[in-house]
There are 2 protein chains.
Amino acid sequence: MQTILQGIGKEVIIDIERPFVIIGESINPTGHRKLREALLENKLDYVRQLAIHQVEAGADVLDVNVGVPELDEVAMLPEVIKLVASVVDVPICIDSANPEALAAGLSVAPGKALVNSVNGEEAMLKAVLPIVKSHGAAVIGLTMDQDGIPGDAEQRVAIAGKILEHAAREGILTEDVVIDPLVMAVGVDSNAGVITLQSIEMIQQEFDVNINLGASNVSFGLPERQVINQAFLALSIQAGASCAITNPMKLTSTVRAIELLLGRDPFAGRYISHYRSLQAKQD
Amino acid sequence: MQTILQGIGKEVIIDIERPFVIIGESINPTGHRKLREALLENKLDYVRQLAIHQVEAGADVLDVNVGVPELDEVAMLPEVIKLVASVVDVPICIDSANPEALAAGLSVAPGKALVNSVNGEEAMLKAVLPIVKSHGAAVIGLTMDQDGIPGDAEQRVAIAGKILEHAAREGILTEDVVIDPLVMAVGVDSNAGVITLQSIEMIQQEFDVNINLGASNVSFGLPERQVINQAFLALSIQAGASCAITNPMKLTSTVRAIELLLGRDPFAGRYISHYRSLQAKQD
């Protein structure tokens, strides 16, 4: 199953048979004070830097979120997307809970963007899927609904099915829906990792769709988060995930190592060329 | 399947249902010049330090290898084992290719030791298994023989079967044989990781034995070895490995993170207490 995204100059294919796709998470003001202030003061040079640095570090797609309560998201989101698209050529992942902002973002995003996200809530599906369809975009479907995030894999599979069904009814191809089975913090619930890994396997087997992860949530509240995030990426990719919204500065090397260990990197070519590009930047 | 080892004061159970067992690899002069020189000059205080530091870092068992060509291994191995057993209470993994040295080591090792190793070669099985049996030890069986290391998982499973058969004939219980499916360098053969992961799954399913890994070999010759070793541990533990000979200073945190992510660490208790013990040492 191939989910094809397009930036200005670059096509990205999400596919379990291909290199794992890294969606850079850093353009998001949640818990990121410096970006929050930059957005509020309309000093967008910092956004430009975040875009360039993430792509240099290995991001294949960039998530763009400007959700700050004091800001007019419908005005700001397209402005930031245009800015990002003016400095990097990768596809954009438009991240908002506001359908109007998503529509405004999609109308300026180059190529074919990814919408982050819908979930299994009827009202949201009805509001967002027609926008996704009319702009020819792809969409991330989170396996939660009005009752929250199910505590077992079976119910997450059921919500994934519901999202895929609504998308199909809207005329969106299955390949343009990427399911995110949601990762909760293992520090809060020590079964959270297992439930997500089971969900990845079951959703992949049942629907053969691409699976995305917000891979950094899992370590929330614990020390040495990087060690947990690295291990979880390995377990998730082995289970069947094909892309993640994560920090490319910290995790691209790990992703390339996992692919190599799973026999998906002939002659270690991608692993070594990633390392060389990091070295070149340090010189 | 439980492989029970005993040190002076400490019992260690290798079992896929229990915490992953870390066998500290550092008392081994191969590629470790400082230890090599210490052994040649009989300055054993450095060995004492290596033993203590590894146990503090999380090693459950210590591998002891004194293989330096200029040294009399039969005399040296028991001396170093006695020294190690005088400063730490964990079980010993006696590491030698010389059956006479293994016998000498086993006769002074406290409790129940692990012998590292036999392989599928007839002559070696005949030489080493009776020594293992007569000392009531456990043994690691490497899935290679006189023809080298098989390039596919099926043949590694066949060699594991042969080792288990010979052990049974010698009166050694299946639970006292730990199979090591061998990890080659992914930098040399980019299918090496996959073959080992398949071997782990197949051997575990076929024989239900404990699986050991020499987890650091996989990254040989590549940059950023730590990143590769971390990812490989995650993939191997998910595939069914229950212990590894590795560097506890570098990988104990990763092992604890993997267990937490696989739902094997209720309330993140072991992860957090490992972190606290590291913190306490830094203070």
# chains A, B, ... in the order shown; residues from 1 in each chain; ligands from 1
$ closest_atom_pairs --of "chain B" --to "chain A" --cutoff "8 Å" --atoms "only C-alpha atoms" --output "Markdown table"
| residue | atom | partner | partner_atom | distance |
| --- | --- | --- | --- | --- |
| B:Val186 | CA | A:Leu261 | CA | 6.8 |
| B:Gly187 | CA | A:Ala268 | CA | 6.2 |
| B:Val188 | CA | A:Phe267 | CA | 7.6 |
| B:Asp189 | CA | A:Phe267 | CA | 6.9 |
| B:Ser190 | CA | A:Phe267 | CA | 5.5 |
| B:Asn191 | CA | A:Gly263 | CA | 4.9 |
| B:Ala192 | CA | A:Leu261 | CA | 7.5 |
| B:Gly193 | CA | A:Leu261 | CA | 4.6 |
| B:Val194 | CA | A:Leu262 | CA | 5.2 |
| B:Leu222 | CA | A:Ile272 | CA | 8.0 |
| B:Pro223 | CA | A:Tyr275 | CA | 7.4 |
| B:Val227 | CA | A:Thr254 | CA | 5.9 |
| B:Ile228 | CA | A:Ala257 | CA | 5.2 |
| B:Gln230 | CA | A:Ala231 | CA | 6.9 |
| B:Ala231 | CA | A:Ala234 | CA | 5.7 |
| B:Phe232 | CA | A:Leu261 | CA | 6.7 |
| B:Ala234 | CA | A:Ala231 | CA | 5.7 |
| B:Leu235 | CA | A:Leu235 | CA | 6.2 |
| B:Gln238 | CA | A:Leu235 | CA | 7.1 |
| B:Ser253 | CA | A:Val227 | CA | 7.1 |
| B:Thr254 | CA | A:Val227 | CA | 5.9 |
| B:Ala257 | CA | A:Ile228 | CA | 5.2 |
| B:Ile258 | CA | A:Ala231 | CA | 6.0 |
| B:Leu260 | CA | A:Ser190 | CA | 6.4 |
| B:Leu261 | CA | A:Gly193 | CA | 4.6 |
| B:Leu262 | CA | A:Val194 | CA | 5.2 |
| B:Gly263 | CA | A:Asn191 | CA | 4.9 |
| B:Arg264 | CA | A:Ser190 | CA | 8.0 |
| B:Asp265 | CA | A:Ser190 | CA | 6.7 |
| B:Pro266 | CA | A:Ser190 | CA | 5.7 |
| B:Phe267 | CA | A:Ser190 | CA | 5.5 |
| B:Ala268 | CA | A:Ser190 | CA | 6.1 |
| B:Ile272 | CA | A:Pro223 | CA | 7.9 |
| B:Tyr275 | CA | A:Pro223 | CA | 7.4 |
$ residues_around --residues "region 2-7 of chain A" --least-positions-apart "5" --cutoff "8 Å" --atoms "only C-alpha atoms" --output "PyMOL selection string"
chain A and resi 12-15+85+89-92+110-114+138+175-178+210
$ write_last_selection --atoms "C-alpha atoms" --output "mmCIF file, in the first residue's frame"
data_model
loop_
_atom_site.group_PDB
_atom_site.id
_atom_site.type_symbol
_atom_site.label_atom_id
_atom_site.label_comp_id
_atom_site.auth_asym_id
_atom_site.auth_seq_id
_atom_site.Cartn_x
_atom_site.Cartn_y
_atom_site.Cartn_z
ATOM 1 C CA VAL A 12 7.554 10.929 -0.767
ATOM 2 C CA ILE A 13 6.093 7.423 -0.758
ATOM 3 C CA ILE A 14 4.967 5.942 2.545
ATOM 4 C CA ASP A 15 5.107 2.168 2.127
ATOM 5 C CA ALA A 85 7.424 25.650 1.306
ATOM 6 C CA ASP A 89 10.912 21.114 -0.984
ATOM 7 C CA VAL A 90 9.389 18.306 1.130
ATOM 8 C CA PRO A 91 5.651 17.603 1.474
ATOM 9 C CA ILE A 92 3.761 19.284 4.323
ATOM 10 C CA PRO A 110 2.126 22.757 -2.694
ATOM 11 C CA GLY A 111 1.630 19.306 -4.240
ATOM 12 C CA LYS A 112 -0.192 16.716 -2.163
ATOM 13 C CA ALA A 113 -0.242 17.293 1.594
ATOM 14 C CA LEU A 114 -1.041 15.065 4.572
ATOM 15 C CA ALA A 138 -4.061 12.293 2.331
ATOM 16 C CA GLU A 175 -4.093 4.317 0.365
ATOM 17 C CA ASP A 176 -4.641 7.969 1.250
ATOM 18 C CA VAL A 177 -5.565 7.170 4.849
ATOM 19 C CA VAL A 178 -2.691 6.602 7.279
ATOM 20 C CA ASN A 210 0.167 2.579 6.341
#
$ residues_around --residues "Lys82 (chain B)" --least-positions-apart "2" --cutoff "9 Å" --atoms "only C-alpha atoms" --output "list of chain:residue names"
B:Leu77, B:Pro78, B:Glu79, B:Val80, B:Val84, B:Ala85, B:Ser86, B:Gly105, B:Val108, B:Ala109, B:Pro110
$ residues_around --residues "Arg169 (chain A)" --least-positions-apart "2" --cutoff "12 Å" --atoms "only C-alpha atoms" --output "list in words"
Leu125, Lys126, Leu129, Pro130, Lys133, Lys162, Ile163, Leu164, Glu165, His166, Ala167, Gly171, Ile172, Leu173 and Thr174 of chain A
$ residues_around --residues "region 16-23 of chain A" --least-positions-apart "2" --cutoff "6 Å" --atoms "only C-alpha atoms" --output "VMD selection string"
chain A and resid 59 to 62 242 to 245
$ select_by_dssp --residues "region 21-240 of chain A" --states "strand (DSSP E)" --output "PyMOL selection string"
chain A and resi 21-27+61-64+92-95+114-119+138-142+177-180+210-214
$ atom_distance --atom1 "CA of Glu100 (chain B)" --atom2 "CA of Glu70 (chain B)"
16.5 Å
$ select_by_dssp --residues "region 32-81 of chain A" --states "helix (DSSP H, G or I)" --output "MDAnalysis selection string"
chainID A and resid 33:40 45:57 73:81
$ atom_distance --atom1 "CA of Ile159 (chain A)" --atom2 "CA of Val68 (chain A)"
28.8 Å
$ residues_around --residues "Ile94 (chain A)" --least-positions-apart "6" --cutoff "7 Å" --atoms "only C-alpha atoms" --output "PyMOL selection string"
chain A and resi 63-65+102+105+114-116
$ write_last_selection --atoms "C-alpha atoms" --output "PDB file, in the first residue's frame"
ATOM      1  CA  ASP A  63       4.464  18.741  10.278  1.00  0.00           C
ATOM      2  CA  VAL A  64       3.201  22.325  10.608  1.00  0.00           C
ATOM      3  CA  ASN A  65       1.140  23.280  13.655  1.00  0.00           C
ATOM      4  CA  LEU A 102      -7.034  22.911   7.551  1.00  0.00           C
ATOM      5  CA  GLY A 105      -3.691  25.474   4.846  1.00  0.00           C
ATOM      6  CA  LEU A 114      -1.041  15.065   4.572  1.00  0.00           C
ATOM      7  CA  VAL A 115      -3.752  16.248   6.974  1.00  0.00           C
ATOM      8  CA  ASN A 116      -3.127  15.665  10.701  1.00  0.00           C
TER       9      ASN A 116
END
